[in-house]
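Data from upload.cif: mmCIF, C-alpha atoms
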```cif
data_query
#
loop_
_atom_site.group_PDB
_atom_site.id
_atom_site.type_symbol
_atom_site.label_atom_id
_atom_site.label_comp_id
_atom_site.auth_asym_id
_atom_site.auth_seq_id
_atom_site.Cartn_x
_atom_site.Cartn_y
_atom_site.Cartn_z
ATOM 1 C CA MET A 1 -43.423 -1.885 73.443
ATOM 2 C CA SER A 2 -44.217 -4.483 76.097
ATOM 3 C CA ASN A 3 -46.336 -7.403 75.039
ATOM 4 C CA GLN A 4 -47.709 -7.788 78.574
ATOM 5 C CA LYS A 5 -51.175 -6.854 77.342
ATOM 6 C CA ALA A 6 -51.041 -9.722 74.827
ATOM 7 C CA VAL A 7 -51.071 -12.397 77.551
ATOM 8 C CA PRO A 8 -54.270 -14.399 77.018
ATOM 9 C CA MET A 9 -57.017 -13.969 79.570
ATOM 10 C CA GLY A 10 -56.931 -16.762 82.113
ATOM 11 C CA VAL A 11 -53.182 -17.362 81.809
ATOM 12 C CA THR A 12 -52.768 -16.946 85.570
ATOM 13 C CA GLU A 13 -54.967 -19.969 86.138
ATOM 14 C CA MET A 14 -52.357 -22.112 84.339
ATOM 15 C CA PHE A 15 -49.984 -21.645 87.242
ATOM 16 C CA SER A 16 -51.906 -22.978 90.192
ATOM 17 C CA SER A 17 -55.287 -24.123 91.301
ATOM 18 C CA ARG A 18 -55.725 -21.197 93.675
ATOM 19 C CA PRO A 19 -57.587 -18.058 92.598
ATOM 20 C CA ASN A 20 -55.896 -14.762 91.773
ATOM 21 C CA PHE A 21 -54.133 -12.926 94.567
ATOM 22 C CA THR A 22 -56.327 -11.103 97.041
ATOM 23 C CA THR A 23 -55.233 -7.703 98.294
ATOM 24 C CA LEU A 24 -54.013 -9.424 101.471
ATOM 25 C CA ASP A 25 -51.931 -11.871 99.379
ATOM 26 C CA LYS A 26 -50.334 -8.930 97.587
ATOM 27 C CA VAL A 27 -49.631 -7.159 100.900
ATOM 28 C CA GLU A 28 -47.905 -10.276 102.271
ATOM 29 C CA HIS A 29 -45.855 -10.603 99.100
ATOM 30 C CA LEU A 30 -44.885 -6.922 99.058
ATOM 31 C CA ARG A 31 -43.903 -7.075 102.740
ATOM 32 C CA SER A 32 -41.438 -9.902 102.000
ATOM 33 C CA VAL A 33 -39.590 -7.850 99.371
ATOM 34 C CA ASP A 34 -36.559 -5.808 100.510
ATOM 35 C CA LEU A 35 -37.724 -2.900 98.370
ATOM 36 C CA PHE A 36 -40.722 -2.290 100.637
ATOM 37 C CA SER A 37 -39.319 -3.619 103.912
ATOM 38 C CA LEU A 38 -39.783 -0.330 105.802
ATOM 39 C CA ALA A 39 -43.278 0.418 104.551
ATOM 40 C CA SER A 40 -46.141 0.317 107.053
ATOM 41 C CA VAL A 41 -49.026 -2.124 106.639
ATOM 42 C CA GLU A 42 -51.263 0.788 105.625
ATOM 43 C CA GLU A 43 -48.814 1.803 102.885
ATOM 44 C CA LEU A 44 -48.481 -1.795 101.726
ATOM 45 C CA TYR A 45 -52.280 -1.942 101.384
ATOM 46 C CA ARG A 46 -52.165 1.225 99.275
ATOM 47 C CA LEU A 47 -49.563 -0.362 97.006
ATOM 48 C CA ALA A 48 -51.383 -3.702 96.883
ATOM 49 C CA ALA A 49 -54.627 -2.042 95.842
ATOM 50 C CA LEU A 50 -52.853 -0.657 92.773
ATOM 51 C CA ALA A 51 -50.816 -3.765 91.954
ATOM 52 C CA ARG A 52 -52.098 -6.615 89.847
ATOM 53 C CA GLU A 53 -51.176 -10.229 89.343
ATOM 54 C CA VAL A 54 -49.892 -11.106 85.881
ATOM 55 C CA GLY A 55 -49.001 -14.501 84.449
ATOM 56 C CA PHE A 56 -46.687 -15.295 81.570
ATOM 57 C CA PRO A 57 -45.956 -18.568 79.779
ATOM 58 C CA ALA A 58 -42.374 -19.813 79.380
ATOM 59 C CA GLN A 59 -40.206 -17.909 76.875
ATOM 60 C CA TRP A 60 -42.535 -14.886 76.921
ATOM 61 C CA VAL A 61 -40.898 -11.520 76.212
ATOM 62 C CA ILE A 62 -42.301 -9.183 78.861
ATOM 63 C CA PHE A 63 -40.493 -6.163 77.489
ATOM 64 C CA GLN A 64 -37.743 -5.355 75.002
ATOM 65 C CA GLU A 65 -34.745 -3.124 75.389
ATOM 66 C CA ALA A 66 -35.692 0.476 74.490
ATOM 67 C CA ASP A 67 -39.408 -0.064 75.277
ATOM 68 C CA ILE A 68 -41.093 2.711 77.240
ATOM 69 C CA ALA A 69 -41.077 1.744 80.920
ATOM 70 C CA ASP A 70 -44.720 1.624 81.958
ATOM 71 C CA ALA A 71 -44.467 -0.797 84.917
ATOM 72 C CA PHE A 72 -42.194 -2.784 87.188
ATOM 73 C CA TYR A 73 -42.577 -6.357 88.406
ATOM 74 C CA ILE A 74 -41.997 -8.503 91.477
ATOM 75 C CA VAL A 75 -41.657 -12.212 90.721
ATOM 76 C CA ASP A 76 -43.876 -14.496 92.794
ATOM 77 C CA ARG A 77 -43.196 -17.792 91.001
ATOM 78 C CA GLY A 78 -40.939 -18.639 88.080
ATOM 79 C CA GLN A 79 -37.856 -16.947 86.666
ATOM 80 C CA VAL A 80 -37.199 -14.044 84.346
ATOM 81 C CA GLU A 81 -33.969 -13.465 82.457
ATOM 82 C CA CYS A 82 -32.964 -9.837 81.887
ATOM 83 C CA VAL A 83 -30.323 -9.405 79.174
ATOM 84 C CA SER A 84 -28.895 -6.105 77.966
ATOM 85 C CA LYS A 85 -28.188 -5.466 74.304
ATOM 86 C CA GLY A 86 -25.194 -7.449 73.190
ATOM 87 C CA GLY A 87 -25.457 -9.628 76.287
ATOM 88 C CA GLU A 88 -22.976 -7.564 78.349
ATOM 89 C CA HIS A 89 -25.204 -7.909 81.392
ATOM 90 C CA ARG A 90 -27.372 -10.938 82.216
ATOM 91 C CA GLU A 91 -29.369 -11.478 85.377
ATOM 92 C CA VAL A 92 -31.879 -14.151 86.350
ATOM 93 C CA ILE A 93 -34.659 -12.810 88.560
ATOM 94 C CA GLY A 94 -36.486 -15.220 90.864
ATOM 95 C CA PRO A 95 -39.229 -15.178 93.486
ATOM 96 C CA GLY A 96 -39.234 -12.090 95.698
ATOM 97 C CA GLU A 97 -36.997 -10.133 93.331
ATOM 98 C CA VAL A 98 -37.816 -6.973 91.397
ATOM 99 C CA PHE A 99 -37.153 -6.147 87.755
ATOM 100 C CA GLY A 100 -37.944 -3.162 85.567
ATOM 101 C CA LEU A 101 -37.929 -0.764 88.510
ATOM 102 C CA TYR A 102 -35.009 1.434 87.455
ATOM 103 C CA SER A 103 -36.574 2.370 84.122
ATOM 104 C CA ALA A 104 -40.016 2.792 85.691
ATOM 105 C CA LEU A 105 -38.603 5.242 88.235
ATOM 106 C CA THR A 106 -36.408 7.211 85.822
ATOM 107 C CA ARG A 107 -38.960 7.161 82.997
ATOM 108 C CA ASP A 108 -36.112 6.142 80.698
ATOM 109 C CA SER A 109 -36.505 3.442 78.103
ATOM 110 C CA ARG A 110 -35.759 -0.138 79.151
ATOM 111 C CA LEU A 111 -32.102 -1.100 79.405
ATOM 112 C CA ALA A 112 -32.633 -4.822 78.849
ATOM 113 C CA ARG A 113 -34.967 -7.434 77.436
ATOM 114 C CA ALA A 114 -36.950 -9.429 80.012
ATOM 115 C CA THR A 115 -37.948 -12.977 79.026
ATOM 116 C CA THR A 116 -39.523 -15.659 81.186
ATOM 117 C CA LEU A 117 -37.464 -18.830 81.544
ATOM 118 C CA GLU A 118 -40.485 -20.789 82.760
ATOM 119 C CA LYS A 119 -44.115 -20.135 83.594
ATOM 120 C CA THR A 120 -44.000 -17.029 85.746
ATOM 121 C CA VAL A 121 -46.432 -15.188 88.003
ATOM 122 C CA ALA A 122 -45.555 -11.668 89.081
ATOM 123 C CA ILE A 123 -47.057 -8.648 90.729
ATOM 124 C CA SER A 124 -47.029 -5.672 88.386
ATOM 125 C CA MET A 125 -47.414 -2.023 89.248
ATOM 126 C CA ALA A 126 -47.807 0.770 86.739
ATOM 127 C CA ALA A 127 -45.147 3.478 86.942
ATOM 128 C CA GLU A 128 -47.823 6.178 87.251
ATOM 129 C CA ASP A 129 -49.410 4.387 90.217
ATOM 130 C CA LEU A 130 -46.035 4.017 91.911
ATOM 131 C CA PHE A 131 -45.337 7.739 91.555
ATOM 132 C CA SER A 132 -48.755 8.556 92.952
ATOM 133 C CA VAL A 133 -48.113 6.449 96.062
ATOM 134 C CA LEU A 134 -44.549 7.760 96.484
ATOM 135 C CA SER A 135 -45.680 11.391 96.388
ATOM 136 C CA ASN A 136 -47.586 10.949 99.658
ATOM 137 C CA ASN A 137 -45.666 8.226 101.500
ATOM 138 C CA MET A 138 -42.233 9.117 102.797
ATOM 139 C CA GLU A 139 -41.736 5.714 104.480
ATOM 140 C CA ILE A 140 -41.941 3.951 101.122
ATOM 141 C CA VAL A 141 -39.537 6.489 99.609
ATOM 142 C CA VAL A 142 -37.078 5.859 102.459
ATOM 143 C CA SER A 143 -37.462 2.094 102.071
ATOM 144 C CA MET A 144 -36.757 2.299 98.342
ATOM 145 C CA PHE A 145 -33.827 4.645 98.897
ATOM 146 C CA LYS A 146 -32.235 2.172 101.323
ATOM 147 C CA TYR A 147 -32.868 -0.646 98.850
ATOM 148 C CA PHE A 148 -30.986 1.212 96.100
ATOM 149 C CA VAL A 149 -28.150 2.239 98.398
ATOM 150 C CA ASN A 150 -27.720 -1.394 99.444
ATOM 151 C CA LYS A 151 -27.836 -2.551 95.825
ATOM 152 C CA LEU A 152 -25.193 -0.013 94.806
ATOM 153 C CA GLY A 153 -23.045 -0.832 97.821
ATOM 154 C CA GLU A 154 -22.949 -4.602 97.251
ATOM 155 C CA GLY A 155 -19.747 -4.293 95.257
ATOM 156 C CA SER A 156 -17.832 -2.098 97.718
ATOM 157 C CA ARG A 157 -18.455 -0.839 101.215
ATOM 158 C CA ALA A 158 -16.132 2.119 101.673
#
```

Translate the structure of the given file into structure tokens.
Amino acid sequence: MSNQKAVPMGVTEMFSSRPNFTTLDKVEHLRSVDLFSLASVEELYRLAALAREVGFPAQWVIFQEADIADAFYIVDRGQVECVSKGGEHREVIGPGEVFGLYSALTRDSRLARATTLEKTVAISMAAEDLFSVLSNNMEIVVSMFKYFVNKLGEGSRA
């Protein structure tokens, strides 16, 4: 199970002198991410209202392989390393990139372990909240669909 809930209160303050993200900050961050590039401002506000800022110290395990996928994350600052069992697949996720989304959408267990490489601040959204927003917002569904098609097509464009 994810140890996200074990992050000490006030950890986010370790990362900068500015206060936690406002809803407008989250909207601006979400708008800059390819995943939500086609979403309207109104839809971004809906997402931002449900999202929360989370902070993790360096070398923090956010989730383990086989954990239940309860959320996905968008990195604001820092880096997260995602490594599959046996190390067959390794990816470093940086600012503006998403991790944990596949498992959150499919409701499957996690396929990799996610560990921070340095102090990291991310925007987190619960899988249940994402499904709630998606059920009433076709533009976000289309935006996410295009994101996944582009991701799958990076290797070959036939």

Exercise for the section: Any chance you could resolve the PyMOL selection byres ((chain A and resi 24-29) around 9) against this file and give the residues as a ChimeraX atom specification? Expected result: /A:21-23,30-33,41,44-49,51-53,74,76,96,123

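Taking CA of Gly86 in chain A and CA of Asp67 in chain A as endpoints, the distance between them is 16.2 Å.
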
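Distances from A:Glu65, A:Glu43, A:Asp108, A:Glu97 to Ala127 in chain A were compared using all atoms listed in the file, and the smallest one belongs to A:Asp108.
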
Write out as a PDB file with C-alpha atoms, in the frame of the given file which residues come within 12 Å of Phe148 in chain A when counting all atoms listed in the file, dropping same-chain ones fewer than 6 positions away.
```pdb
ATOM      1  CA  ASP A  34     -36.559  -5.808 100.510  1.00  0.00           C
ATOM      2  CA  LEU A  35     -37.724  -2.900  98.370  1.00  0.00           C
ATOM      3  CA  PHE A  36     -40.722  -2.290 100.637  1.00  0.00           C
ATOM      4  CA  VAL A  98     -37.816  -6.973  91.397  1.00  0.00           C
ATOM      5  CA  LEU A 101     -37.929  -0.764  88.510  1.00  0.00           C
ATOM      6  CA  TYR A 102     -35.009   1.434  87.455  1.00  0.00           C
ATOM      7  CA  LEU A 105     -38.603   5.242  88.235  1.00  0.00           C
ATOM      8  CA  VAL A 141     -39.537   6.489  99.609  1.00  0.00           C
ATOM      9  CA  VAL A 142     -37.078   5.859 102.459  1.00  0.00           C
ATOM     10  CA  GLU A 154     -22.949  -4.602  97.251  1.00  0.00           C
TER      11      GLU A 154
END
```

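Picked by the PyMOL selection byres ((chain A and resi 118) around 9) from the coordinates shown: Phe56, Pro57, Ala58, Gln59, Trp60, Gly78, Gln79, Val80, Thr116, Leu117, Lys119 and Thr120 of chain A.
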
Because some atoms of range 19-34 of chain A are absent here, can you restore N, CA and C atoms and send them as a short mmCIF file (atom, residue, chain, number, x, y, z; two decimals), keeping the file's coordinate frame?
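After the write, selection-v6.cif holds the following:
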```cif
data_model
loop_
_atom_site.label_atom_id
_atom_site.label_comp_id
_atom_site.auth_asym_id
_atom_site.auth_seq_id
_atom_site.Cartn_x
_atom_site.Cartn_y
_atom_site.Cartn_z
N PRO A 19 -57.12 -19.22 93.34
CA PRO A 19 -57.59 -18.06 92.60
C PRO A 19 -56.53 -16.95 92.58
N ASN A 20 -56.80 -15.91 91.83
CA ASN A 20 -55.90 -14.76 91.77
C ASN A 20 -55.61 -14.23 93.17
N PHE A 21 -54.52 -13.51 93.28
CA PHE A 21 -54.13 -12.93 94.57
C PHE A 21 -55.23 -12.02 95.09
N THR A 22 -55.48 -12.09 96.38
CA THR A 22 -56.33 -11.10 97.04
C THR A 22 -55.43 -9.92 97.39
N THR A 23 -56.04 -8.85 97.85
CA THR A 23 -55.23 -7.70 98.29
C THR A 23 -54.33 -8.12 99.45
N LEU A 24 -54.82 -8.95 100.35
CA LEU A 24 -54.01 -9.42 101.47
C LEU A 24 -52.83 -10.25 100.97
N ASP A 25 -53.04 -11.11 99.97
CA ASP A 25 -51.93 -11.87 99.38
C ASP A 25 -50.85 -10.93 98.84
N LYS A 26 -51.30 -9.88 98.15
CA LYS A 26 -50.33 -8.93 97.59
C LYS A 26 -49.59 -8.19 98.69
N VAL A 27 -50.28 -7.83 99.77
CA VAL A 27 -49.63 -7.16 100.90
C VAL A 27 -48.54 -8.06 101.48
N GLU A 28 -48.88 -9.33 101.71
CA GLU A 28 -47.90 -10.28 102.27
C GLU A 28 -46.70 -10.42 101.35
N HIS A 29 -46.95 -10.47 100.06
CA HIS A 29 -45.86 -10.60 99.10
C HIS A 29 -45.00 -9.34 99.09
N LEU A 30 -45.63 -8.18 99.06
CA LEU A 30 -44.88 -6.92 99.06
C LEU A 30 -44.05 -6.78 100.33
N ARG A 31 -44.61 -7.19 101.47
CA ARG A 31 -43.90 -7.08 102.74
C ARG A 31 -42.62 -7.91 102.75
N SER A 32 -42.60 -9.02 102.01
CA SER A 32 -41.44 -9.90 102.00
C SER A 32 -40.32 -9.41 101.08
N VAL A 33 -40.57 -8.36 100.32
CA VAL A 33 -39.59 -7.85 99.37
C VAL A 33 -38.77 -6.73 100.03
N ASP A 34 -37.45 -6.82 99.92
CA ASP A 34 -36.56 -5.81 100.51
C ASP A 34 -36.95 -4.39 100.12
#
```
